[in-house]
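Text of the file final-v3.cif, holding mmCIF, C-alpha atoms, pLDDT in the B column; chains and numbers go by the auth columns:
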```
data_coords
#
loop_
_atom_site.group_PDB
_atom_site.id
_atom_site.type_symbol
_atom_site.label_atom_id
_atom_site.label_comp_id
_atom_site.label_asym_id
_atom_site.label_seq_id
_atom_site.Cartn_x
_atom_site.Cartn_y
_atom_site.Cartn_z
_atom_site.B_iso_or_equiv
_atom_site.auth_seq_id
_atom_site.auth_asym_id
ATOM 1 C CA MET A 1 -106.145 -150.949 218.937 49.00 215 A
ATOM 2 C CA LYS A 2 -108.923 -149.687 216.671 46.00 216 A
ATOM 3 C CA THR A 3 -106.446 -147.490 214.841 47.00 217 A
ATOM 4 C CA SER A 4 -104.151 -150.469 214.189 49.00 218 A
ATOM 5 C CA LEU A 5 -107.028 -152.557 212.864 45.00 219 A
ATOM 6 C CA LEU A 6 -108.062 -149.766 210.517 43.00 220 A
ATOM 7 C CA CYS A 7 -104.511 -149.426 209.147 44.00 221 A
ATOM 8 C CA LEU A 8 -104.277 -153.211 208.621 41.00 222 A
ATOM 9 C CA ALA A 9 -107.594 -153.258 206.751 44.00 223 A
ATOM 10 C CA ALA A 10 -106.414 -150.431 204.490 43.00 224 A
ATOM 11 C CA VAL A 11 -103.228 -152.335 203.647 41.00 225 A
ATOM 12 C CA LEU A 12 -105.182 -155.502 202.813 42.00 226 A
ATOM 13 C CA VAL A 13 -107.635 -153.607 200.629 43.00 227 A
ATOM 14 C CA GLY A 14 -104.722 -152.001 198.760 46.00 228 A
ATOM 15 C CA ALA A 15 -103.051 -155.363 198.226 45.00 229 A
ATOM 16 C CA VAL A 16 -106.083 -156.896 196.535 45.00 230 A
ATOM 17 C CA ALA A 17 -107.156 -153.798 194.675 46.00 231 A
ATOM 18 C CA VAL A 18 -107.494 -154.279 190.934 45.00 232 A
ATOM 19 C CA PRO A 19 -104.710 -152.342 189.168 47.00 233 A
ATOM 20 C CA GLU A 20 -105.626 -149.699 186.634 49.00 234 A
ATOM 21 C CA PRO A 21 -105.495 -150.930 183.049 48.00 235 A
ATOM 22 C CA ASP A 22 -102.463 -149.881 181.008 51.00 236 A
ATOM 23 C CA ALA A 23 -102.869 -147.381 178.233 48.00 237 A
ATOM 24 C CA ASP A 24 -103.848 -148.846 174.873 51.00 238 A
ATOM 25 C CA PRO A 25 -100.747 -149.848 172.876 47.00 239 A
ATOM 26 C CA GLN A 26 -100.033 -147.819 169.761 48.00 240 A
ATOM 27 C CA THR A 27 -100.965 -149.495 166.524 46.00 241 A
ATOM 28 C CA TYR A 28 -99.590 -148.735 163.063 43.00 242 A
ATOM 29 C CA SER A 29 -101.834 -149.442 160.144 52.00 243 A
ATOM 30 C CA LYS A 30 -100.477 -150.429 156.752 52.00 244 A
ATOM 31 C CA PRO A 31 -102.202 -149.871 153.446 54.00 245 A
ATOM 32 C CA ALA A 32 -103.693 -152.898 151.786 53.00 246 A
ATOM 33 C CA TYR A 33 -101.764 -154.982 149.297 52.00 247 A
ATOM 34 C CA PRO A 34 -102.352 -154.077 145.653 53.00 248 A
ATOM 35 C CA ALA A 35 -105.042 -156.109 143.990 55.00 249 A
ATOM 36 C CA VAL A 36 -104.076 -159.398 142.377 52.00 250 A
ATOM 37 C CA PRO A 37 -104.645 -159.444 138.577 53.00 251 A
ATOM 38 C CA SER A 38 -107.963 -161.041 137.740 46.00 252 A
ATOM 39 C CA ASP A 39 -106.884 -162.567 134.429 59.00 253 A
ATOM 40 C CA ASN A 40 -104.834 -165.732 134.021 80.00 254 A
ATOM 41 C CA CYS A 41 -101.446 -164.097 134.446 92.00 255 A
ATOM 42 C CA ASN A 42 -98.471 -166.279 133.515 95.00 256 A
ATOM 43 C CA PRO A 43 -95.014 -165.072 134.653 95.00 257 A
ATOM 44 C CA ARG A 44 -93.352 -167.318 132.042 95.00 258 A
ATOM 45 C CA LYS A 45 -95.210 -165.691 129.181 95.00 259 A
ATOM 46 C CA ALA A 46 -93.061 -163.120 127.409 94.00 260 A
ATOM 47 C CA PRO A 47 -94.467 -159.579 127.815 95.00 261 A
ATOM 48 C CA LYS A 48 -95.328 -157.399 124.837 96.00 262 A
ATOM 49 C CA CYS A 49 -92.269 -155.231 125.409 97.00 263 A
ATOM 50 C CA SER A 50 -90.044 -158.196 124.423 96.00 264 A
ATOM 51 C CA GLU A 51 -91.746 -158.984 121.123 94.00 265 A
ATOM 52 C CA ASN A 52 -89.302 -157.137 118.861 92.00 266 A
ATOM 53 C CA ILE A 53 -86.066 -157.558 120.819 91.00 267 A
ATOM 54 C CA THR A 54 -83.539 -160.340 121.333 91.00 268 A
ATOM 55 C CA GLU A 55 -82.474 -159.341 124.845 93.00 269 A
ATOM 56 C CA THR A 56 -83.940 -160.782 128.027 95.00 270 A
ATOM 57 C CA PHE A 57 -84.886 -157.341 129.344 97.00 271 A
ATOM 58 C CA CYS A 58 -86.988 -154.359 128.265 97.00 272 A
ATOM 59 C CA LEU A 59 -85.888 -150.733 128.467 96.00 273 A
ATOM 60 C CA THR A 60 -89.404 -149.547 127.583 96.00 274 A
ATOM 61 C CA ASP A 61 -92.639 -151.104 128.758 97.00 275 A
ATOM 62 C CA ALA A 62 -96.112 -149.807 127.935 96.00 276 A
ATOM 63 C CA GLU A 63 -97.610 -152.268 130.448 96.00 277 A
ATOM 64 C CA TYR A 64 -95.301 -151.421 133.337 97.00 278 A
ATOM 65 C CA PRO A 65 -97.312 -151.900 136.590 97.00 279 A
ATOM 66 C CA GLU A 66 -96.564 -148.457 137.972 96.00 280 A
ATOM 67 C CA LYS A 67 -99.547 -148.143 140.328 96.00 281 A
ATOM 68 C CA GLU A 68 -99.175 -151.644 141.735 96.00 282 A
ATOM 69 C CA ILE A 69 -95.485 -151.062 142.494 96.00 283 A
ATOM 70 C CA ARG A 70 -96.255 -147.798 144.254 95.00 284 A
ATOM 71 C CA SER A 71 -98.808 -149.569 146.448 94.00 285 A
ATOM 72 C CA ALA A 72 -96.315 -152.310 147.304 94.00 286 A
ATOM 73 C CA ILE A 73 -93.654 -149.750 148.272 92.00 287 A
ATOM 74 C CA LYS A 74 -96.124 -147.821 150.435 91.00 288 A
ATOM 75 C CA TYR A 75 -96.982 -151.057 152.234 89.00 289 A
ATOM 76 C CA ASP A 76 -93.296 -151.525 153.094 86.00 290 A
ATOM 77 C CA PRO A 77 -91.651 -148.071 152.916 81.00 291 A
ATOM 78 C CA LEU A 78 -88.257 -149.390 154.088 85.00 292 A
ATOM 79 C CA VAL A 79 -87.944 -151.817 151.192 85.00 293 A
ATOM 80 C CA LEU A 80 -85.931 -149.425 149.010 84.00 294 A
ATOM 81 C CA GLN A 81 -83.144 -149.355 151.576 81.00 295 A
ATOM 82 C CA ARG A 82 -82.245 -152.953 150.711 78.00 296 A
ATOM 83 C CA TYR A 83 -80.526 -151.967 147.488 79.00 297 A
ATOM 84 C CA TYR A 84 -78.878 -148.681 146.586 78.00 298 A
ATOM 85 C CA ASP A 85 -77.952 -147.533 143.091 84.00 299 A
ATOM 86 C CA ILE A 86 -75.206 -145.232 141.837 84.00 300 A
ATOM 87 C CA ALA A 87 -77.196 -143.196 139.367 81.00 301 A
ATOM 88 C CA LYS A 88 -74.299 -141.759 137.331 87.00 302 A
ATOM 89 C CA GLN A 89 -72.485 -144.675 135.722 89.00 303 A
ATOM 90 C CA SER A 90 -70.257 -144.550 132.650 90.00 304 A
ATOM 91 C CA ALA A 91 -66.836 -145.609 131.384 90.00 305 A
ATOM 92 C CA ASP A 92 -65.433 -142.733 133.442 91.00 306 A
ATOM 93 C CA ASN A 93 -65.931 -144.668 136.662 90.00 307 A
ATOM 94 C CA LEU A 94 -66.311 -148.276 135.470 89.00 308 A
ATOM 95 C CA VAL A 95 -63.515 -148.750 132.887 89.00 309 A
ATOM 96 C CA ASP A 96 -59.895 -148.062 133.795 90.00 310 A
ATOM 97 C CA GLY A 97 -58.008 -145.777 131.409 88.00 311 A
ATOM 98 C CA LEU A 98 -61.049 -144.922 129.268 88.00 312 A
ATOM 99 C CA THR A 99 -63.422 -141.974 129.060 91.00 313 A
ATOM 100 C CA SER A 100 -67.123 -142.119 128.343 92.00 314 A
ATOM 101 C CA LEU A 101 -66.600 -139.718 125.430 90.00 315 A
ATOM 102 C CA SER A 102 -64.232 -142.174 123.720 89.00 316 A
ATOM 103 C CA GLU A 103 -66.523 -145.135 124.329 87.00 317 A
ATOM 104 C CA LYS A 104 -69.513 -143.334 122.828 87.00 318 A
ATOM 105 C CA HIS A 105 -67.618 -142.621 119.604 86.00 319 A
ATOM 106 C CA TYR A 106 -66.349 -146.130 118.865 87.00 320 A
ATOM 107 C CA ASP A 107 -67.237 -146.997 115.278 83.00 321 A
ATOM 108 C CA TYR A 108 -67.347 -150.599 114.115 82.00 322 A
ATOM 109 C CA SER A 109 -69.202 -149.964 110.869 78.00 323 A
ATOM 110 C CA ASN A 110 -66.364 -151.474 108.778 76.00 324 A
ATOM 111 C CA TYR A 111 -66.203 -154.655 110.819 78.00 325 A
ATOM 112 C CA LYS A 112 -68.483 -157.486 109.658 75.00 326 A
ATOM 113 C CA GLY A 113 -67.188 -160.277 111.858 73.00 327 A
ATOM 114 C CA LYS A 114 -65.513 -162.244 109.044 69.00 328 A
ATOM 115 C CA THR A 115 -62.022 -163.638 109.558 60.00 329 A
ATOM 116 C CA PHE A 116 -60.304 -162.681 106.316 57.00 330 A
ATOM 117 C CA GLU A 117 -61.670 -159.185 105.735 62.00 331 A
ATOM 118 C CA MET A 118 -59.121 -156.403 105.565 59.00 332 A
ATOM 119 C CA SER A 119 -61.314 -154.289 107.857 55.00 333 A
ATOM 120 C CA ASN A 120 -60.210 -156.565 110.712 58.00 334 A
ATOM 121 C CA TRP A 121 -56.732 -155.069 110.414 58.00 335 A
ATOM 122 C CA VAL A 122 -57.691 -151.402 110.360 60.00 336 A
ATOM 123 C CA GLY A 123 -57.279 -151.077 114.091 59.00 337 A
ATOM 124 C CA GLU A 124 -59.360 -147.982 114.858 70.00 338 A
ATOM 125 C CA GLU A 125 -59.813 -147.145 118.528 82.00 339 A
ATOM 126 C CA GLY A 126 -62.218 -149.507 120.226 85.00 340 A
ATOM 127 C CA TYR A 127 -62.573 -152.885 121.842 88.00 341 A
ATOM 128 C CA ILE A 128 -60.874 -155.832 120.181 89.00 342 A
ATOM 129 C CA CYS A 129 -64.262 -157.526 120.224 91.00 343 A
ATOM 130 C CA PRO A 130 -66.835 -155.009 118.956 90.00 344 A
ATOM 131 C CA SER A 131 -69.839 -154.662 121.234 92.00 345 A
ATOM 132 C CA ASN A 132 -72.824 -152.535 122.107 91.00 346 A
ATOM 133 C CA VAL A 133 -72.514 -150.920 125.533 93.00 347 A
ATOM 134 C CA HIS A 134 -75.540 -149.606 127.421 92.00 348 A
ATOM 135 C CA TYR A 135 -75.871 -148.172 130.898 93.00 349 A
ATOM 136 C CA ALA A 136 -79.366 -149.498 131.122 94.00 350 A
ATOM 137 C CA ARG A 137 -82.242 -149.186 133.551 96.00 351 A
ATOM 138 C CA PRO A 138 -84.447 -152.147 132.636 97.00 352 A
ATOM 139 C CA LEU A 139 -88.146 -151.947 133.370 98.00 353 A
ATOM 140 C CA ARG A 140 -88.786 -155.656 132.953 98.00 354 A
ATOM 141 C CA ALA A 141 -86.445 -158.650 132.832 98.00 355 A
ATOM 142 C CA LEU A 142 -86.349 -162.442 132.692 98.00 356 A
ATOM 143 C CA ASN A 143 -85.018 -163.926 135.935 98.00 357 A
ATOM 144 C CA VAL A 144 -82.807 -167.019 136.242 97.00 358 A
ATOM 145 C CA ASP A 145 -85.897 -169.193 136.789 97.00 359 A
ATOM 146 C CA GLY A 146 -87.398 -168.180 133.453 97.00 360 A
ATOM 147 C CA GLU A 147 -90.035 -165.824 134.869 98.00 361 A
ATOM 148 C CA TRP A 148 -90.548 -162.191 133.888 98.00 362 A
ATOM 149 C CA ARG A 149 -90.449 -159.550 136.610 98.00 363 A
ATOM 150 C CA ALA A 150 -90.974 -155.808 136.709 98.00 364 A
ATOM 151 C CA ILE A 151 -87.873 -153.941 137.905 97.00 365 A
ATOM 152 C CA ILE A 152 -88.234 -151.061 140.355 96.00 366 A
ATOM 153 C CA GLN A 153 -87.283 -147.809 138.621 96.00 367 A
ATOM 154 C CA ASP A 154 -88.016 -144.105 138.976 94.00 368 A
ATOM 155 C CA ILE A 155 -91.044 -144.383 136.691 94.00 369 A
ATOM 156 C CA ALA A 156 -92.814 -145.876 139.726 93.00 370 A
ATOM 157 C CA TRP A 157 -90.870 -144.195 142.541 93.00 371 A
ATOM 158 C CA PRO A 158 -89.197 -140.876 141.552 92.00 372 A
ATOM 159 C CA GLY A 159 -85.549 -140.699 142.510 90.00 373 A
ATOM 160 C CA TYR A 160 -84.990 -144.448 142.740 93.00 374 A
ATOM 161 C CA THR A 161 -83.076 -146.162 139.928 94.00 375 A
ATOM 162 C CA GLN A 162 -81.299 -149.440 139.235 95.00 376 A
ATOM 163 C CA THR A 163 -78.586 -149.140 136.587 95.00 377 A
ATOM 164 C CA GLN A 164 -76.713 -151.999 134.934 95.00 378 A
ATOM 165 C CA ARG A 165 -73.763 -151.844 132.533 95.00 379 A
ATOM 166 C CA VAL A 166 -74.779 -154.152 129.684 96.00 380 A
ATOM 167 C CA GLU A 167 -72.241 -155.095 127.000 95.00 381 A
ATOM 168 C CA THR A 168 -73.378 -157.287 124.107 95.00 382 A
ATOM 169 C CA CYS A 169 -71.198 -158.756 121.349 95.00 383 A
ATOM 170 C CA LEU A 170 -71.965 -157.401 117.890 91.00 384 A
ATOM 171 C CA PHE A 171 -70.727 -160.651 116.352 90.00 385 A
ATOM 172 C CA SER A 172 -70.550 -163.377 118.970 91.00 386 A
ATOM 173 C CA GLY A 173 -68.283 -166.213 117.822 90.00 387 A
ATOM 174 C CA SER A 174 -66.550 -164.086 115.183 89.00 388 A
ATOM 175 C CA SER A 175 -62.813 -163.404 114.963 87.00 389 A
ATOM 176 C CA CYS A 176 -61.267 -160.655 117.061 89.00 390 A
ATOM 177 C CA ARG A 177 -60.266 -157.378 115.451 85.00 391 A
ATOM 178 C CA THR A 178 -56.597 -156.746 114.550 82.00 392 A
ATOM 179 C CA LEU A 179 -55.528 -160.369 115.161 83.00 393 A
ATOM 180 C CA ALA A 180 -54.136 -162.574 112.368 81.00 394 A
ATOM 181 C CA PRO A 181 -56.353 -165.492 111.286 82.00 395 A
ATOM 182 C CA CYS A 182 -53.701 -167.998 112.405 84.00 396 A
ATOM 183 C CA TYR A 183 -54.623 -167.346 116.027 86.00 397 A
ATOM 184 C CA GLY A 184 -58.111 -168.765 115.516 87.00 398 A
ATOM 185 C CA SER A 185 -59.507 -166.140 117.894 90.00 399 A
ATOM 186 C CA LYS A 186 -63.186 -165.813 118.795 92.00 400 A
ATOM 187 C CA CYS A 187 -65.283 -163.168 120.489 94.00 401 A
ATOM 188 C CA LEU A 188 -67.174 -164.722 123.369 96.00 402 A
ATOM 189 C CA GLN A 189 -70.172 -163.267 125.160 97.00 403 A
ATOM 190 C CA LYS A 190 -69.790 -163.098 128.933 97.00 404 A
ATOM 191 C CA TYR A 191 -72.593 -162.782 131.471 97.00 405 A
ATOM 192 C CA VAL A 192 -72.955 -161.822 135.096 97.00 406 A
ATOM 193 C CA TYR A 193 -75.671 -162.473 137.665 98.00 407 A
ATOM 194 C CA GLN A 194 -77.209 -159.237 138.904 96.00 408 A
ATOM 195 C CA ARG A 195 -79.558 -158.718 141.830 95.00 409 A
ATOM 196 C CA MET A 196 -82.310 -156.137 141.474 96.00 410 A
ATOM 197 C CA LEU A 197 -85.366 -155.115 143.483 96.00 411 A
ATOM 198 C CA SER A 198 -88.309 -156.596 141.660 96.00 412 A
ATOM 199 C CA PHE A 199 -92.083 -156.962 141.541 97.00 413 A
ATOM 200 C CA ASP A 200 -94.158 -159.883 140.285 97.00 414 A
ATOM 201 C CA PRO A 201 -97.180 -158.527 138.366 96.00 415 A
ATOM 202 C CA CYS A 202 -98.777 -161.983 138.600 96.00 416 A
ATOM 203 C CA ASP A 203 -98.548 -162.176 142.398 95.00 417 A
ATOM 204 C CA ALA A 204 -98.726 -158.729 143.982 94.00 418 A
ATOM 205 C CA LYS A 205 -98.820 -160.152 147.507 92.00 419 A
ATOM 206 C CA LYS A 206 -95.126 -160.968 147.244 94.00 420 A
ATOM 207 C CA GLY A 207 -94.501 -157.246 147.549 94.00 421 A
ATOM 208 C CA ILE A 208 -91.054 -155.940 146.612 95.00 422 A
ATOM 209 C CA PHE A 209 -88.232 -158.480 146.712 95.00 423 A
ATOM 210 C CA ILE A 210 -84.724 -159.098 145.388 94.00 424 A
ATOM 211 C CA ASP A 211 -84.491 -161.343 142.343 97.00 425 A
ATOM 212 C CA ILE A 212 -81.550 -162.552 140.222 98.00 426 A
ATOM 213 C CA TYR A 213 -81.008 -161.928 136.500 98.00 427 A
ATOM 214 C CA LYS A 214 -78.401 -163.093 133.999 97.00 428 A
ATOM 215 C CA LEU A 215 -77.255 -160.082 131.979 97.00 429 A
ATOM 216 C CA PRO A 216 -74.573 -159.722 129.273 96.00 430 A
ATOM 217 C CA SER A 217 -71.537 -158.077 130.864 96.00 431 A
ATOM 218 C CA ALA A 218 -68.639 -158.210 128.366 95.00 432 A
ATOM 219 C CA CYS A 219 -67.478 -159.387 124.945 96.00 433 A
ATOM 220 C CA SER A 220 -64.039 -160.963 125.331 95.00 434 A
ATOM 221 C CA CYS A 221 -61.466 -162.172 122.821 94.00 435 A
ATOM 222 C CA HIS A 222 -60.511 -165.818 123.330 94.00 436 A
ATOM 223 C CA ILE A 223 -57.523 -167.596 121.749 92.00 437 A
ATOM 224 C CA PRO A 224 -57.928 -171.386 121.878 90.00 438 A
ATOM 225 C CA GLY A 225 -55.129 -173.680 122.985 83.00 439 A
ATOM 226 C CA LYS A 226 -54.446 -177.295 123.806 71.00 440 A
ATOM 227 C CA LEU A 227 -55.120 -178.481 127.329 60.00 441 A
ATOM 228 C CA HIS A 228 -52.059 -179.897 129.097 49.00 442 A
#
```
Since I need it in another form, could you write the structure as structure tokens?
Amino acid sequence: MKTSLLCLAAVLVGAVAVPEPDADPQTYSKPAYPAVPSDNCNPRKAPKCSENITETFCLTDAEYPEKEIRSAIKYDPLVLQRYYDIAKQSADNLVDGLTSLSEKHYDYSNYKGKTFEMSNWVGEEGYICPSNVHYARPLRALNVDGEWRAIIQDIAWPGYTQTQRVETCLFSGSSCRTLAPCYGSKCLQKYVYQRMLSFDPCDAKKGIFIDIYKLPSACSCHIPGKLH
């Protein structure tokens, strides 16, 4: 009987015994956000890099926030996987039936965009609407909301690039090359909305995010007609 009572007491003690605490959960620390600019930063104010250009993007930028972007990427190291870039882009892989060598050597020096000039009829190799073509990696750009953003490029994170094919009309609204004046043709600038990983220098706590930009994509010849 004593033995049975002892066994029962042991079972009861075990049932109410306080369990051992679990091991401490693993914690992962993140670096702090980059500091917010102390001056009155205005994202709608055009940056210095845009002072002498007509485009809505900068290919060079002396005030590019390189350190701040690096800090934001280190805070969220997986952010760069949201958008991948094909680094080598040219007419070889983006324009059917055309080589990059040919595109680089197009010469529109004789074309002035006037309808009745004989140079319109010369017909050298090139686009019917003369344009400047760049495979650009912008460092700063104006988004669709009218605010300037810094664009993530390899200047801040080596090996990571964002390339855009930008085609701008040399003479927007002018007549098309090689077409007779009776057609009333016009060269029209076309645009496309592009998404790029971006950084807001005026609000570093946003981190790295995808923003939308309107960029010139093509210069197309248009022949007007009557609507039916």
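When only C-alpha atoms are used to compute distances to Leu273 in chain A, the closest of the residues A:Gln367, A:Ser431, A:Gln295, A:Gln403 turns out to be A:Gln367.
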Residues returned when the PyMOL selection byres ((chain A and resi 437) around 12) runs on this file, as JSON, numbers by chain
{"A": [387, 388, 389, 390, 393, 394, 395, 396, 397, 398, 399, 400, 401, 402, 434, 435, 436, 438, 439, 440]}
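Counting all atoms listed in the file, the residue from A:Arg258, A:Leu384, A:Ile300, A:Tyr405 that sits nearest to Tyr322 in chain A is A:Leu384.
When only C-alpha atoms are used to measure the gap to Phe271 in chain A, the shortest distance among A:Lys420, A:Arg391, A:Arg363, A:Lys302 belongs to A:Arg363.
Evaluated on this file, the PyMOL selection byres ((chain A and resi 298) around 9) matches Leu294, Gln295, Arg296, Tyr297, Asp299, Ile300, Tyr374, Thr375 and Gln376 of chain A.
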Could you state which residues are captured by the PyMOL selection byres ((chain A and resi 257) around 12) in this file, as a PDB file with C-alpha atoms, in the frame of the given file?
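What ended up in out07.pdb:
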```pdb
ATOM      1  CA  PRO A 251    -104.645-159.444 138.577  1.00 53.00           C
ATOM      2  CA  ASN A 254    -104.834-165.732 134.021  1.00 80.00           C
ATOM      3  CA  CYS A 255    -101.446-164.097 134.446  1.00 92.00           C
ATOM      4  CA  ASN A 256     -98.471-166.279 133.515  1.00 95.00           C
ATOM      5  CA  ARG A 258     -93.352-167.318 132.042  1.00 95.00           C
ATOM      6  CA  LYS A 259     -95.210-165.691 129.181  1.00 95.00           C
ATOM      7  CA  ALA A 260     -93.061-163.120 127.409  1.00 94.00           C
ATOM      8  CA  PRO A 261     -94.467-159.579 127.815  1.00 95.00           C
ATOM      9  CA  ARG A 354     -88.786-155.656 132.953  1.00 98.00           C
ATOM     10  CA  ALA A 355     -86.445-158.650 132.832  1.00 98.00           C
ATOM     11  CA  LEU A 356     -86.349-162.442 132.692  1.00 98.00           C
ATOM     12  CA  ASN A 357     -85.018-163.926 135.935  1.00 98.00           C
ATOM     13  CA  ASP A 359     -85.897-169.193 136.789  1.00 97.00           C
ATOM     14  CA  GLY A 360     -87.398-168.180 133.453  1.00 97.00           C
ATOM     15  CA  GLU A 361     -90.035-165.824 134.869  1.00 98.00           C
ATOM     16  CA  TRP A 362     -90.548-162.191 133.888  1.00 98.00           C
ATOM     17  CA  ARG A 363     -90.449-159.550 136.610  1.00 98.00           C
ATOM     18  CA  ALA A 364     -90.974-155.808 136.709  1.00 98.00           C
ATOM     19  CA  PHE A 413     -92.083-156.962 141.541  1.00 97.00           C
ATOM     20  CA  ASP A 414     -94.158-159.883 140.285  1.00 97.00           C
ATOM     21  CA  PRO A 415     -97.180-158.527 138.366  1.00 96.00           C
ATOM     22  CA  CYS A 416     -98.777-161.983 138.600  1.00 96.00           C
ATOM     23  CA  ASP A 417     -98.548-162.176 142.398  1.00 95.00           C
ATOM     24  CA  ALA A 418     -98.726-158.729 143.982  1.00 94.00           C
TER      25      ALA A 418
END
```
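Closest approach to Arg379 in chain A from the set A:Asn307, A:Thr392, A:Tyr341, A:Ile365 is made by A:Asn307, with distances taken over only C-alpha atoms.
Between CA of Asp425 in chain A and CA of Asp306 in chain A the separation is 28.1 Å.
Reported to one decimal place, the separation of CA of Glu280 in chain A from CA of Val293 in chain A is 16.1 Å.
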A straight line from CA of Lys288 in chain A to CA of Thr274 in chain A spans 23.9 Å
For range 409-416 of chain A, take all atoms listed in the file, fit an axis-aligned box around them, add 6 Å to each of the six sides, then output centre and edge lengths in Å rounded to one decimal, as AutoDock Vina command-line options.
```
--center_x -89.2 --center_y -158.5 --center_z 140.9 --size_x 31.2 --size_y 18.9 --size_z 17.1
```
Nearest candidate to Leu292 in chain A (options A:Phe423, A:Glu317, A:Ala276, A:Gln408; using only C-alpha atoms):
A:Phe423
Between A:Asp290, A:Lys326, A:Gly311, A:Cys272, single out the one closest to Ala350 in chain A, counting all atoms listed in the file.
A:Cys272
